[in-house]
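Visitor: Dropping a structure here in structure tokens format, bear with me for questions.
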Amino acid sequence: MRIATWNVNSINARLETVLRWFEVERPDVACLQEIKCIDEKFPAEAFERLGYNVAVHGQKTYNGVALLSRTPLEDVTRGLPGDPSDEQARYIEAVVSGPRPMRVASIYLPNGNPLGSEKFDYTLAWMARLQEHAASLLRLEEPLALMGDYNVIPGPLDAANPEEWAGDALFQPESRAALRALLWLGLSDAWAEAGEGPGGYTFWDYQAGAWPKNNGIRIDHGLLSPQAADRLSACRIDRAPRGWEKPSDHTPLIVELSL
């Protein structure tokens, strides 16, 4: 099973690019973030023609997440539990059916910038909710993949120039500690678990020639429960779409699990 996560930075603006990648890579499950459209505007038919079942949790202009699977999606949950007043579309979860069912979530964690604002407070509160929900899912003792754009650089080796991020919410001690707290629950970072090293960037800013200079950061992650990590065979980053015409500033991360 190949599970991909990709912040597409507007599904309708980059539909041709995204479909091109799906036709080449054909993941079994895909977790998309920042689709930037309401559910009704998501181009579901284009993906259904490729053989995918689609579940969307959208929002006009901002945020938005989606799950696409070659097998039916069951027990779909839209929105991160823990705060009924939170209207931002940043979390969708479902059980991917099949011979070995698996629970998968697509996550678009808040950016948190600027520091010292309510946005950073919201990020930390959101991460605390995610930790609580992840703990409840781990108690189910089933294969689980929490995939997405976490907007957290885990450590200095996950940035080409870490000093440039010292004043950014993505690289603060509090947000990095919150990511570690998720791992301490018993989740595994698929990239690290697969033995991949520095340079595994998933994001390059559009500004200052970040892509040609390879001035990237690793902020897109696949966190696996023990039952999923036991099946991990590989984790890779597909850099190709970042170099295509009209790309997202992120590129796909793919987790491969043995059956």
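Each chain of the structure tokens is named A, B, ... in the order shown, its residues numbered from 1; ligands are numbered from 1 in display order.
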Once you count only C-alpha atoms, what closest atom pair and distance in Å to one decimal does each residue of range 77-124 of chain A within 8 Å of range 147-168 of chain A have, with rows by chain and rising residue number, as a tab-separated table?
Guide:
```
residue	atom	partner	partner_atom	distance
A:Val104	CA	A:Met147	CA	7.3
A:Ala105	CA	A:Met147	CA	5.9
A:Ser106	CA	A:Met147	CA	5.2
A:Ile107	CA	A:Gly148	CA	4.5
A:Tyr108	CA	A:Asp149	CA	5.0
A:Leu109	CA	A:Tyr150	CA	4.8
A:Pro110	CA	A:Asn151	CA	6.9
A:Asn111	CA	A:Asn151	CA	5.6
A:Asn113	CA	A:Asp168	CA	6.8
A:Pro114	CA	A:Asp168	CA	7.4
A:Leu115	CA	A:Asp168	CA	7.0
```
Visitor: Mind checking which residues fall within 10 Å of Tyr91 in chain A, counting only C-alpha atoms, ignoring those fewer than 4 positions away in the same chain, and posting them as a PyMOL selection string?
Guide: chain A and resi 33+56-58+63-67+77-81+105-109+130+146+148
Visitor: With only C-alpha atoms as the atoms that count, which of A:Ala208, A:Ile11, A:Leu19, A:Leu223 lies nearest to Glu48 in chain A?
Guide: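 Of A:Ala208, A:Ile11, A:Leu19, A:Leu223, the one nearest Glu48 in chain A is A:Leu19, counting only C-alpha atoms.
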Visitor: From a DSSP calculation on the backbone, collect every residue of range 36-142 of chain A in alpha helix (DSSP H) and output the set as an MDAnalysis selection string.
Guide: chainID A and resid 44:48 118:138
Visitor: Go through range 34-117 of chain A residue by residue and, counting only C-alpha atoms, keep those with an atom at most 8 Å from range 6-9 of chain A; for each kept residue give the shortest atom pair and its distance in Å to one decimal, ordered by chain and increasing number, as CSV.
Guide:
```
residue,atom,partner,partner_atom,distance
A:Glu34,CA,A:Asn9,CA,5.2
A:Ile35,CA,A:Asn9,CA,6.1
A:Lys36,CA,A:Asn9,CA,7.3
```
Visitor: Which residues in range 123-180 of chain A does DSSP call strand (DSSP E)? List them as number ranges by chain.
Guide: A: 144-149
Visitor: Using only C-alpha atoms, pick whichever of A:Tyr52, A:Tyr201, A:Tyr122, A:Tyr62 has the shortest atom-to-atom distance to Val96 in chain A.
Guide: A:Tyr52
Visitor: Could you check how far CA of Ala30 in chain A sits from CA of Ala177 in chain A, in Å to one decimal?
Guide: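 Rounded to one decimal, the two atoms are 27.2 Å apart.
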Visitor: Name the residues in contact with Pro99 in chain A at a cut-off of 9 Å, using only C-alpha atoms, excluding same-chain residues fewer than 2 positions from it; report them as an MDAnalysis selection string.
Guide: chainID A and resid 97 101 259
Visitor: Please, could you write that set of residues out with all heavy atoms as a compact mmCIF listing (two decimals), in the first residue's frame?
Guide:
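So the final result, stored in again_36.txt, reads:
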```
# COMPACT_ATOMS: atom_id res chain seq x y z
N SER A 97 -10.93 0.75 3.40
CA SER A 97 -11.35 -0.65 3.43
C SER A 97 -10.43 -1.51 2.57
O SER A 97 -9.63 -1.01 1.78
CB SER A 97 -12.79 -0.78 2.94
OG SER A 97 -12.89 -0.39 1.58
N PRO A 101 -7.78 -3.42 6.50
CA PRO A 101 -8.25 -2.03 6.66
C PRO A 101 -7.25 -1.20 7.46
O PRO A 101 -6.52 -1.70 8.32
CB PRO A 101 -9.57 -2.21 7.43
CG PRO A 101 -9.99 -3.61 7.16
CD PRO A 101 -8.73 -4.40 7.05
N LEU A 259 1.91 -5.49 2.54
CA LEU A 259 0.60 -6.06 2.83
C LEU A 259 0.72 -7.22 3.80
O LEU A 259 1.79 -7.80 3.96
CB LEU A 259 -0.05 -6.53 1.52
CG LEU A 259 -0.41 -5.40 0.54
CD1 LEU A 259 -0.98 -6.00 -0.74
CD2 LEU A 259 -1.43 -4.47 1.17
```
Visitor: Between A:Ala128, A:Ser225, A:Ala135, A:Ala194, which residue has the minimum interatomic distance to Ala178 in chain A, considering only C-alpha atoms?
Guide: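 Distance minimum relative to Ala178 in chain A lands on A:Ala128.
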Visitor: For each of A:Gly82, A:Gly51, A:Pro43, A:Gly199, take the minimum atom-to-atom distance to Glu23 in chain A, counting only C-alpha atoms, then give the residue where this is smallest.
Guide: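 Of all the options, A:Gly51 lies closest to Glu23 in chain A.
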Visitor: Pick out the closest residue to Thr202 in chain A from this set: A:Thr5, A:Ser69, A:Ser175, A:Ser258. Count only C-alpha atoms.
Guide: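 When distances to Thr202 in chain A are compared using only C-alpha atoms, the smallest one comes from A:Thr5.
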Visitor: Given the choices A:Gly209, A:Ile3, A:Arg242, A:Val24, which gets closest to Arg103 in chain A if the distance is worked out from only C-alpha atoms?
Guide: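 Of all the options, A:Ile3 lies closest to Arg103 in chain A.
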